[in-house]
Each structure stands twice: as C-alpha cells, then as structure tokens.
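Novice: I am sharing query-v2.txt, which consists of compact mmCIF, C-alpha atoms and all ligand atoms:
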```txt
# COMPACT_ATOMS: atom_id res chain seq x y z
CA MET D 1 99.08 243.01 13.85
CA SER D 2 98.48 241.95 17.43
CA GLU D 3 96.79 238.64 18.19
CA LEU D 4 94.86 240.29 21.02
CA ALA D 5 91.30 241.29 20.14
CA LEU D 6 91.66 244.43 22.23
CA LEU D 7 94.44 245.53 19.86
CA GLY D 8 92.69 244.55 16.64
CA GLY D 9 93.23 240.76 16.53
CA LYS D 10 90.59 238.06 16.06
CA PRO D 11 88.58 237.34 19.25
CA VAL D 12 88.62 233.81 20.67
CA ARG D 13 84.82 233.82 20.80
CA SER D 14 82.56 235.65 18.41
CA GLU D 15 79.19 234.09 19.24
CA PRO D 16 77.06 235.61 22.03
CA PHE D 17 76.49 233.85 25.35
CA PRO D 18 73.51 231.46 25.33
CA PRO D 19 70.24 233.42 25.57
CA TRP D 20 68.53 234.17 28.88
CA PRO D 21 65.82 233.79 30.09
CA VAL D 22 64.99 230.35 28.75
CA HIS D 23 61.32 229.79 27.89
CA ASP D 24 59.21 227.66 25.58
CA GLU D 25 55.62 226.71 24.89
CA ARG D 26 55.10 225.90 28.59
CA GLU D 27 55.33 229.57 29.56
CA ALA D 28 53.23 230.58 26.53
CA LYS D 29 50.50 228.11 27.52
CA ALA D 30 50.57 229.09 31.19
CA LEU D 31 50.34 232.80 30.36
CA ALA D 32 47.46 232.21 27.94
CA ALA D 33 45.62 230.22 30.60
CA VAL D 34 45.92 233.05 33.14
CA LEU D 35 44.78 235.55 30.51
CA ALA D 36 41.69 233.48 29.71
CA SER D 37 40.89 232.95 33.40
CA SER D 38 40.49 236.71 34.06
CA ASN D 39 42.02 235.93 37.47
CA TRP D 40 45.17 238.02 37.01
CA GLY D 41 45.96 239.67 40.31
CA GLY D 42 47.61 238.76 43.56
CA TYR D 43 44.39 238.85 45.57
CA PRO D 44 43.25 236.68 47.29
CA SER D 45 46.79 236.26 48.56
CA PRO D 46 48.38 233.96 47.68
CA ASN D 47 46.25 233.42 44.58
CA THR D 48 45.94 230.11 42.72
CA HIS D 49 49.23 230.00 40.75
CA ALA D 50 51.12 231.80 43.51
CA LYS D 51 50.03 229.19 46.04
CA ALA D 52 50.91 226.27 43.79
CA PHE D 53 54.31 227.79 43.04
CA ALA D 54 54.97 228.59 46.71
CA GLU D 55 54.36 224.97 47.73
CA ARG D 56 56.81 223.68 45.14
CA PHE D 57 59.44 226.32 45.87
CA ALA D 58 59.30 225.64 49.61
CA ALA D 59 59.58 221.88 49.10
CA ALA D 60 62.49 222.26 46.68
CA HIS D 61 64.36 224.25 49.34
CA THR D 62 63.38 222.08 52.34
CA ALA D 63 61.38 224.91 53.96
CA ARG D 64 57.88 224.58 55.41
CA PHE D 65 56.50 227.86 54.06
CA CYS D 66 57.02 230.12 51.06
CA ILE D 67 55.48 233.57 50.76
CA PRO D 68 55.62 234.88 47.18
CA ALA D 69 55.97 238.65 46.75
CA ALA D 70 56.54 241.43 44.24
CA ASN D 71 60.35 241.37 44.17
CA GLY D 72 63.48 240.46 46.13
CA THR D 73 63.81 243.92 47.67
CA VAL D 74 60.48 243.96 49.46
CA THR D 75 61.06 240.39 50.61
CA LEU D 76 64.09 241.56 52.62
CA GLU D 77 62.11 244.42 54.10
CA ILE D 78 59.16 242.16 54.96
CA ALA D 79 61.46 239.56 56.50
CA LEU D 80 62.99 242.22 58.76
CA ARG D 81 59.56 243.53 59.79
CA ALA D 82 58.27 240.02 60.41
CA ALA D 83 61.29 239.39 62.64
CA GLY D 84 60.34 242.44 64.71
CA VAL D 85 63.19 244.72 63.65
CA ARG D 86 62.28 248.29 64.53
CA ALA D 87 63.54 251.85 64.10
CA GLY D 88 67.00 252.25 65.62
CA ASP D 89 67.80 248.53 65.65
CA GLU D 90 71.02 247.47 63.96
CA VAL D 91 71.22 244.94 61.16
CA ILE D 92 74.60 243.50 60.19
CA VAL D 93 75.05 243.24 56.43
CA THR D 94 77.81 242.47 53.97
CA PRO D 95 78.90 245.50 51.95
CA TYR D 96 79.68 243.35 48.90
CA THR D 97 76.17 242.97 47.52
CA TRP D 98 73.33 244.68 45.71
CA VAL D 99 71.96 247.83 47.35
CA ALA D 100 68.73 246.12 48.48
CA THR D 101 70.54 244.15 51.19
CA ALA D 102 71.49 247.32 53.07
CA ALA D 103 68.52 249.41 51.90
CA ALA D 104 66.02 247.01 53.49
CA PRO D 105 66.93 247.96 57.09
CA VAL D 106 67.05 251.63 56.06
CA TYR D 107 63.44 251.45 54.83
CA LEU D 108 62.48 250.51 58.40
CA ASN D 109 64.55 253.37 59.82
CA ALA D 110 66.83 250.69 61.24
CA VAL D 111 70.61 250.96 60.86
CA PRO D 112 72.71 248.83 58.48
CA VAL D 113 76.10 247.93 59.95
CA PHE D 114 78.73 246.70 57.51
CA ALA D 115 80.87 243.68 58.39
CA ASP D 116 83.62 242.54 56.04
CA VAL D 117 83.62 239.43 53.87
CA ASP D 118 85.80 236.33 54.02
CA PRO D 119 88.81 236.71 51.69
CA GLU D 120 88.40 233.17 50.35
CA THR D 121 84.63 233.22 49.69
CA TYR D 122 83.61 236.92 49.49
CA CYS D 123 80.63 236.03 51.71
CA LEU D 124 80.02 237.56 55.15
CA ASP D 125 82.83 236.67 57.55
CA PRO D 126 81.46 235.31 60.87
CA LYS D 127 84.41 236.80 62.79
CA ALA D 128 83.63 240.26 61.41
CA VAL D 129 79.96 239.74 62.28
CA GLU D 130 80.76 238.87 65.86
CA ALA D 131 82.98 241.96 66.17
CA ALA D 132 80.14 244.17 64.85
CA ILE D 133 77.54 243.06 67.39
CA THR D 134 76.26 245.69 69.83
CA PRO D 135 73.34 245.65 72.28
CA ARG D 136 71.21 247.09 69.43
CA THR D 137 71.92 244.33 66.94
CA LYS D 138 68.75 242.46 65.96
CA ALA D 139 69.48 240.70 62.69
CA ILE D 140 72.14 239.53 60.25
CA ILE D 141 71.73 239.39 56.46
CA PRO D 142 74.35 237.18 54.80
CA VAL D 143 74.35 237.07 51.00
CA HIS D 144 75.39 233.89 49.22
CA LEU D 145 77.28 234.92 46.10
CA GLY D 146 79.84 233.90 43.54
CA CYS D 147 78.56 230.29 43.70
CA ARG D 148 79.64 230.23 47.35
CA MET D 149 77.71 230.41 50.59
CA ALA D 150 78.25 232.22 53.85
CA ASP D 151 79.23 229.90 56.71
CA MET D 152 75.68 229.26 57.90
CA ASP D 153 76.72 227.02 60.80
CA ALA D 154 78.91 229.75 62.29
CA LEU D 155 76.33 232.48 61.66
CA MET D 156 73.49 230.47 63.22
CA ALA D 157 75.65 229.77 66.28
CA ILE D 158 76.39 233.50 66.66
CA ALA D 159 72.69 234.29 66.19
CA ALA D 160 71.67 231.78 68.86
CA LYS D 161 74.24 233.18 71.29
CA HIS D 162 73.06 236.78 70.83
CA ASN D 163 69.37 236.13 70.11
CA LEU D 164 69.50 237.49 66.55
CA THR D 165 67.45 236.71 63.44
CA VAL D 166 69.31 235.51 60.34
CA ILE D 167 67.82 236.37 56.95
CA GLU D 168 69.63 234.67 54.10
CA ASP D 169 69.68 236.81 50.97
CA CYS D 170 69.47 234.07 48.34
CA ALA D 171 68.97 236.31 45.29
CA HIS D 172 71.94 234.54 43.63
CA MET D 173 71.40 231.02 44.88
CA HIS D 174 68.12 229.38 43.80
CA GLY D 175 68.36 225.62 44.08
CA ALA D 176 71.56 225.52 46.20
CA ARG D 177 72.11 223.30 49.25
CA TRP D 178 74.13 223.51 52.44
CA LYS D 179 74.66 220.04 53.97
CA ASP D 180 71.71 218.96 51.82
CA ARG D 181 69.42 221.60 53.28
CA GLY D 182 67.90 224.04 50.83
CA VAL D 183 69.38 227.51 50.72
CA GLY D 184 67.06 229.97 52.47
CA SER D 185 65.82 227.31 54.89
CA ILE D 186 68.87 227.38 57.18
CA GLY D 187 68.43 230.92 58.49
CA HIS D 188 65.20 231.95 60.21
CA LEU D 189 64.08 233.43 56.89
CA GLY D 190 65.35 233.33 53.32
CA SER D 191 64.77 235.94 50.62
CA PHE D 192 64.78 235.31 46.85
CA SER D 193 64.53 237.49 43.73
CA PHE D 194 63.06 236.45 40.37
CA GLN D 195 64.21 239.60 38.52
CA SER D 196 65.15 239.12 34.85
CA SER D 197 68.83 238.27 35.30
CA LYS D 198 68.31 235.71 38.08
CA LEU D 199 68.59 231.92 37.95
CA MET D 200 64.85 231.61 37.55
CA THR D 201 62.75 234.57 36.55
CA ALA D 202 59.35 236.02 35.82
CA GLY D 203 60.82 239.41 34.88
CA GLU D 204 60.21 240.54 38.45
CA GLY D 205 59.14 238.66 41.56
CA GLY D 206 60.35 237.52 44.94
CA ALA D 207 59.75 234.95 47.67
CA ILE D 208 60.41 234.44 51.35
CA LEU D 209 61.09 231.04 52.89
CA THR D 210 60.71 230.15 56.54
CA SER D 211 59.84 227.11 58.59
CA ASP D 212 58.45 229.14 61.48
CA PRO D 213 54.63 229.33 61.28
CA GLU D 214 54.39 232.65 63.08
CA LEU D 215 57.01 234.31 60.88
CA ALA D 216 55.18 232.90 57.84
CA GLU D 217 51.88 234.35 58.99
CA ARG D 218 53.40 237.75 59.62
CA CYS D 219 54.98 237.72 56.16
CA HIS D 220 51.64 236.80 54.56
CA SER D 221 49.96 239.71 56.34
CA LEU D 222 52.72 242.20 55.53
CA VAL D 223 52.56 241.27 51.83
CA ASN D 224 48.79 241.53 51.77
CA CYS D 225 48.02 244.99 53.23
CA GLY D 226 48.14 243.71 56.82
CA ARG D 227 45.10 241.49 56.37
CA LYS D 228 44.53 238.99 59.11
CA LEU D 229 42.63 236.01 57.89
CA GLU D 230 40.33 233.86 59.96
CA GLY D 231 42.05 230.68 61.11
CA TYR D 232 45.25 231.74 59.41
CA ASP D 233 47.00 234.61 61.18
CA SER D 234 47.14 233.36 64.72
CA PHE D 235 49.59 235.94 66.08
CA ASP D 236 48.24 238.60 68.41
CA GLY D 237 47.38 242.07 67.23
CA TRP D 238 47.07 243.79 63.87
CA MET D 239 49.85 245.28 61.82
CA LEU D 240 50.28 247.81 59.07
CA GLY D 241 50.99 246.04 55.80
CA TRP D 242 51.69 246.87 52.15
CA ASN D 243 50.50 245.54 48.85
CA ASP D 244 53.58 243.56 47.88
CA ARG D 245 51.66 240.69 46.26
CA ILE D 246 52.84 238.85 43.18
CA GLY D 247 50.47 238.66 40.20
CA GLU D 248 49.21 235.46 38.59
CA PHE D 249 51.04 235.96 35.28
CA GLN D 250 54.35 236.00 37.10
CA ALA D 251 53.44 233.13 39.40
CA ALA D 252 52.41 231.01 36.40
CA VAL D 253 55.74 231.71 34.67
CA LEU D 254 57.62 230.82 37.86
CA GLY D 255 55.84 227.48 37.95
CA CYS D 256 57.31 226.72 34.51
CA GLN D 257 60.77 228.00 35.50
CA MET D 258 60.68 225.63 38.49
CA ASP D 259 60.41 222.69 36.07
CA ARG D 260 63.86 223.54 34.71
CA LEU D 261 65.61 224.70 37.87
CA GLU D 262 67.24 221.44 38.92
CA GLU D 263 68.48 220.49 35.48
CA GLN D 264 69.84 224.00 34.85
CA THR D 265 71.49 224.14 38.28
CA ILE D 266 73.31 220.85 37.66
CA LEU D 267 74.40 221.94 34.17
CA ARG D 268 75.80 225.27 35.38
CA GLU D 269 77.58 223.63 38.28
CA LYS D 270 79.17 221.00 36.01
CA ASN D 271 80.41 223.60 33.55
CA ALA D 272 81.75 225.87 36.29
CA ASP D 273 83.57 222.93 37.92
CA TYR D 274 85.08 222.03 34.56
CA LEU D 275 86.27 225.62 34.17
CA TYR D 276 87.83 225.73 37.65
CA ALA D 277 89.67 222.47 36.94
CA ALA D 278 90.89 223.72 33.57
CA LEU D 279 92.19 226.91 35.20
CA ALA D 280 94.09 225.04 37.91
CA ASP D 281 97.45 225.44 36.16
CA VAL D 282 96.87 228.98 34.90
CA PRO D 283 98.82 231.32 37.17
CA GLY D 284 97.02 234.46 38.31
CA ILE D 285 93.43 233.15 38.10
CA ARG D 286 91.83 231.31 41.01
CA PRO D 287 88.27 230.37 41.93
CA LEU D 288 86.78 231.25 45.31
CA ARG D 289 87.18 228.49 47.89
CA ARG D 290 84.27 226.07 47.96
CA ASP D 291 83.21 225.00 51.42
CA PRO D 292 82.62 221.21 51.38
CA ARG D 293 79.35 221.81 53.26
CA ILE D 294 77.93 223.28 50.02
CA THR D 295 76.35 220.15 48.58
CA ARG D 296 74.89 221.92 45.55
CA THR D 297 75.68 225.41 44.43
CA GLY D 298 73.75 228.05 42.53
CA ASN D 299 75.77 229.67 39.76
CA TYR D 300 74.28 233.14 39.27
CA GLN D 301 77.70 234.71 38.79
CA VAL D 302 80.96 232.81 38.70
CA ILE D 303 83.64 234.92 40.36
CA LEU D 304 87.26 234.39 39.38
CA ARG D 305 90.01 235.99 41.45
CA TYR D 306 92.67 237.85 39.54
CA ASP D 307 96.27 238.24 40.65
CA PRO D 308 98.34 240.62 38.50
CA ALA D 309 101.48 238.63 39.39
CA GLY D 310 100.31 235.96 36.94
CA PHE D 311 100.10 238.59 34.17
CA GLY D 312 103.34 240.52 34.52
CA GLY D 313 101.68 243.10 36.76
CA LEU D 314 98.80 243.93 34.37
CA LYS D 315 96.00 245.69 36.27
CA ARG D 316 92.76 243.79 36.73
CA ASP D 317 90.63 246.32 34.85
CA ARG D 318 92.84 246.20 31.75
CA PHE D 319 92.76 242.40 31.88
CA ALA D 320 88.94 242.52 32.10
CA GLU D 321 88.83 244.75 29.02
CA ALA D 322 91.09 242.36 27.14
CA LEU D 323 89.03 239.30 28.14
CA THR D 324 85.77 240.99 27.18
CA ALA D 325 87.30 241.92 23.82
CA GLU D 326 88.07 238.22 23.34
CA GLY D 327 84.32 237.56 23.57
CA ILE D 328 84.27 236.49 27.23
CA GLU D 329 82.27 239.20 28.89
CA VAL D 330 83.42 239.82 32.46
CA ASP D 331 82.38 242.53 34.85
CA PRO D 332 84.96 243.65 37.42
CA TYR D 333 82.58 246.15 39.05
CA PHE D 334 79.43 244.08 39.40
CA TYR D 335 79.41 245.31 43.01
CA ILE D 336 81.39 247.93 44.89
CA PRO D 337 81.21 248.13 48.71
CA LEU D 338 77.81 249.61 49.40
CA TYR D 339 79.03 252.37 51.68
CA GLN D 340 80.82 253.70 48.59
CA SER D 341 77.86 253.29 46.25
CA PRO D 342 75.80 256.30 45.13
CA LEU D 343 72.81 253.95 45.15
CA LEU D 344 72.98 253.86 48.94
CA THR D 345 72.31 257.56 49.38
CA VAL D 346 70.96 257.68 52.92
CA THR D 347 70.67 260.85 54.97
CA ALA D 348 69.70 261.38 58.58
CA ALA D 349 67.19 263.99 57.36
CA ASP D 350 65.23 261.13 55.79
CA TYR D 351 66.23 258.29 58.13
CA PRO D 352 67.01 259.88 61.50
CA MET D 353 68.07 256.69 63.24
CA ILE D 354 71.29 256.48 61.25
CA ARG D 355 72.54 259.72 62.86
CA GLU D 356 74.10 258.21 65.94
CA ARG D 357 76.31 255.84 63.96
CA TYR D 358 76.82 257.74 60.70
CA GLY D 359 76.17 261.45 61.40
CA ASP D 360 74.30 263.31 58.62
CA ALA D 361 74.62 260.60 56.00
CA ILE D 362 76.18 257.28 55.07
CA THR D 363 79.28 258.32 53.13
CA THR D 364 82.19 256.60 51.42
CA ASP D 365 84.24 256.64 54.61
CA SER D 366 81.38 255.47 56.85
CA ALA D 367 82.87 251.99 57.02
CA SER D 368 86.06 250.19 56.18
CA CYS D 369 85.92 246.65 54.83
CA PRO D 370 89.33 246.08 53.26
CA VAL D 371 88.58 242.57 51.98
CA ALA D 372 85.45 243.72 50.14
CA GLU D 373 87.36 246.71 48.79
CA LYS D 374 90.18 244.51 47.52
CA ALA D 375 87.65 242.20 45.85
CA ALA D 376 85.83 245.10 44.22
CA TYR D 377 88.78 247.13 43.04
CA GLN D 378 91.56 244.60 42.47
CA GLU D 379 90.54 240.95 42.35
CA ALA D 380 87.07 239.97 41.28
CA LEU D 381 85.97 239.09 37.77
CA TRP D 382 82.27 238.28 37.51
CA ILE D 383 80.87 236.09 34.73
CA HIS D 384 77.10 235.89 34.31
CA HIS D 385 75.43 232.48 34.39
CA PRO D 386 74.22 232.12 30.76
CA LEU D 387 77.81 231.29 29.74
CA PHE D 388 77.50 228.18 31.92
CA MET D 389 74.37 226.94 30.14
CA GLY D 390 76.32 225.67 27.15
CA ASP D 391 79.00 222.96 27.08
CA HIS D 392 82.70 222.36 27.68
CA ARG D 393 83.66 224.15 24.47
CA ASP D 394 82.45 227.40 26.02
CA MET D 395 84.62 226.76 29.07
CA ASP D 396 87.61 225.89 26.87
CA GLN D 397 87.21 229.24 25.14
CA VAL D 398 87.39 231.03 28.49
CA VAL D 399 90.66 229.25 29.24
CA ASP D 400 92.00 229.86 25.71
CA ALA D 401 91.20 233.58 25.99
CA ILE D 402 92.92 233.86 29.37
CA ARG D 403 96.01 232.00 28.12
CA LYS D 404 96.10 234.15 24.98
CA ILE D 405 96.18 237.32 27.07
CA GLN D 406 98.84 235.78 29.29
CA LYS D 407 101.00 234.92 26.28
CA ASN D 408 100.71 238.40 24.76
CA VAL D 409 100.53 240.39 27.97
CA GLY D 410 103.66 242.36 27.07
CA GLU D 411 101.61 244.27 24.48
CA LEU D 412 99.24 245.51 27.18
CA LEU D 413 101.80 246.60 29.73
C1 LIG E 501 71.87 240.12 46.47
C2 LIG E 501 70.57 240.71 46.04
N1 LIG E 501 69.65 241.02 46.97
C3 LIG E 501 68.46 241.53 46.66
C4 LIG E 501 68.13 241.81 45.35
C5 LIG E 501 66.83 242.48 45.05
O1 LIG E 501 65.99 241.77 44.22
P1 LIG E 501 64.96 242.51 43.25
O2 LIG E 501 65.74 243.05 42.10
O3 LIG E 501 64.04 241.40 42.86
O4 LIG E 501 64.27 243.57 44.02
C6 LIG E 501 69.03 241.48 44.33
C7 LIG E 501 68.66 241.68 42.93
O5 LIG E 501 69.17 242.37 42.13
C8 LIG E 501 70.28 240.94 44.68
O6 LIG E 501 71.20 240.65 43.75
```
Turn the structure described in the file into structure tokens.
Specialist:
Amino acid sequence: MSELALLGGKPVRSEPFPPWPVHDEREAKALAAVLASSNWGGYPSPNTHAKAFAERFAAAHTARFCIPAANGTVTLEIALRAAGVRAGDEVIVTPYTWVATAAAPVYLNAVPVFADVDPETYCLDPKAVEAAITPRTKAIIPVHLGCRMADMDALMAIAAKHNLTVIEDCAHMHGARWKDRGVGSIGHLGSFSFQSSKLMTAGEGGAILTSDPELAERCHSLVNCGRKLEGYDSFDGWMLGWNDRIGEFQAAVLGCQMDRLEEQTILREKNADYLYAALADVPGIRPLRRDPRITRTGNYQVILRYDPAGFGGLKRDRFAEALTAEGIEVDPYFYIPLYQSPLLTVTAADYPMIRERYGDAITTDSASCPVAEKAAYQEALWIHHPLFMGDHRDMDQVVDAIRKIQKNVGELL
C-alpha cells in the first residue's frame, strides 16, 4: 500500500489544529458583567466597553484614535466616506483579497480599479498603483496579507504626490508593526475585522484607526447615524450616517482578546519563522519575501509558494490535496482575483458609475493582474493561523508531510 495518506497510507498528523478562538473565564466574566449591567447596545457611541477597548487598541497600534464598528466591511466603507470619496471617484485596490476590499468603493458608487500585487509579497505593488492612477483616483486600499505588508513607505509617497488617501486593510494583521509603527497607523486610516476567523475576535466586529482628529470625528458620526455631538464633531456641516455601532458584548470580549494579542502574535511569528527555516532546503516550497521594515508580523494566514519543479511537475492543487490528506490543511483558493469572483457581482444597473470603466458589469475579463492570477491558480498555499499556536512539533509535521509527498511524488503523477 502507498505511504501517502491520499492513497490510503497513514497521515503524518491525525490530531486537529489547535482550537480557535481561544477564550477562558475572562470572557465568561466580562460577558456576564455586561448581561447584568443591562447596558448592552452600542449607544451612546462608543459605549463603555467599546470606548475602553478603542483606547487600548489605538495605543497598541500607535494610533491616536480608534473607532469601533460592526464589522470590517463597514469600516472600509466608512473610511472611504470619511476621506470624502464620492460617486464616480476611483479607488485603487488589490485584486488578491476578500471581496469587501473592492466592494467598499462600490457601495459608495465609486469605482474600484485593480492594480496587481508584488510577486514576492502578494501585497499591492506600488509600481502597479502608480500606473493605475488617473485624474479621478482618490484613494488606495492596500491589504497586508500572508504575514507580509504592502510597501507603506512607497505607497505613502505616491499618495502624497497625487493627494490620495491611503486606507490600510488590516483584517489579517492585528498587532503587526512596520518600522515599529503599528499597522493601520501608517496610512491615513486603517481598517480591522474581528470576525470569527481573525487574529482576535468577538465573532463579528471591526475598528478604524486614524491619527487625524477630523477623520476620527467623521468616522464616529458615520458609525452613529450621522450624530454630531456637542464639543466633539468639530467639522462643518451634517452628514448622513448609518447605525454601524458595535455592541457591548462584543466590545467586552475584544477587551479580553486584547490581553492575549501580543503573546499570541509572538508565538505565531516564532513558529512561522521556525517553519520557514526548516523549509529552506526543501525544493519547490518557498515563503513570501519578508521586508526588513516589518518589525513584527501578524500571522493570520501563512502563505507558502509552490513550484511544481520541486515535485516532478505535480500540479499545485494535487499537492494541496495530498498535504491536506496528511493532516496539514492547506487552502490553495483562499482568494481568487476579485474581478473573477462571483462574490463581486457588480452591474451598472445598480452602480451606474462603473459603466465608463467596465461597461454593463465587472466581469472576469474586466482586469488583468497576472501576478495575482499566478498566485491564485498556481502558487499559493494558505495555512490558517491556529496551526501556529502550538509548538515546533507542529511545524516539524508540516515539513515531514511535505518531504513525504516529495519522496513519493511518482505515485501522484
Ligand atoms: C482582507 C479583508 N478585508 C475585509 C474583511 C471584512 O471583514 P468582516 O468580515 O469583518 O466584514 C475581511 C474579512 O473577512 C478581510 O479578510
């Protein structure tokens, strides 16, 4: 019988990944306290726990202000509105991300414009951004992913030159640092998600960071039905807002998750670094390049790059099946380029401002980002962060499983 688990052999790993989310009596106590208080909602905004959490989250990421919100989708939309992005304006986004990054401008009837990613980091490529700028461009949304960060120095220089707003999508990066500055505090605004799978979670939830008092005030108003509070919203004029507030149960849980963030971030980073080092002499598997300006990384998903040449020509998807069968769950299709995703179904009938660039609808051939396409369809292997919450034995199993497939690859070809 074959040694390979995919062909009936014994898998390298039979135990599940460590559980996620992590919680203990701290969350239970905090939730019980909110329950007993009868003060459950998001109003007044921010409410007691939300305010306490926001202060800690901002400080941990070296930002002056944090505006908690309902999730990490509305935070992107609010950030764009706060920055003054309007119908018909263009927003440059990476295609290699979750749908919310490109949907946020669409919600405003603005126009997402896809710029390709860097082949070594899979994050937005500043050269592609510069090439995508038009007189209508108003904002850029880089996404930090795969434990890597977009080149924030280059993007901020481009933004300054063209008078653009940069909104960092930090949904994968809680706790990370760029030249010792907190992620989300380098751009004009930063957006975070606390959805269940994220590095800290309350099931759902989101937050915006900024150090600009006027942007912060606008965000507070937009989250809270447009309310303008005495001595608080000093910008001129009223605005239409939404109820995108976070509730007190979630805010209380986030306070507890904050207590663990630093320790968990360091643990994940250590394990991922150990894995990268152990894979150094395994042909056909490479990590993404780490920019030395990343002084601490968030490890939401580790991305390994696959080269079939190291596996006798075996296709990435078959390799991913074999690795998953060995008990190391990997996802090759965590993202596909958004212009090819059915989730980004956008028609000019609903969002008329896309017509000039895209015609009747955004379709699979509306853009061409060959680096993102290569990552999505040929190279990337995504591993979710709970695997990095254990110890070196877990990492050794990843390497053992990869080597086992390599040794027996002939059976899969
Ligand atoms: C890159 C990215 N941006 C935005 C979001 C949206 O966050 P949420 O799910 O909290 O709305 C997510 C979450 O899935 C994400 O991964």
Novice: Can you list, as a list in words, every protein, DNA or RNA residue that comes within 12 Å of Ala160 (chain D) when you count all atoms listed in the file, leaving out same-chain residues fewer than 3 positions away?
Specialist: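 My reading of the contact set: Glu130, Lys138, Ala139, Ile140, Met152, Asp153, Ala154, Leu155, Met156, Ala157, Asn163, Leu164, Thr165, Val166, Gly187 and His188 of chain D.
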Novice: Could you please determine the separation between CA of Arg64 (chain D) and atom O2 of ligand LIG 501 (chain E) in Å, to one decimal place?
Specialist: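 Taking CA of Arg64 (chain D) and atom O2 of ligand LIG 501 (chain E), their separation equals 24.1 Å.
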Novice: Quick one: distance from CA of Pro19 (chain D) to CA of Ser196 (chain D) in Å, one decimal?
Specialist: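 For CA of Pro19 (chain D) relative to CA of Ser196 (chain D), the distance reads 12.0 Å.
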Novice: Just checking: using all atoms listed in the file, which residue out of D:Tyr306, D:Phe65, D:Trp178, D:Phe334 ends up closest to ligand LIG 501 (chain E)?
Specialist: D:Phe334
Novice: Please return as number ranges by chain the residues found within 9 Å of ligand LIG 501 (chain E), counting only C-alpha atoms and all ligand atoms.
Specialist: D: 70-76, 96-102, 143-145, 169-172, 191-198, 203-206
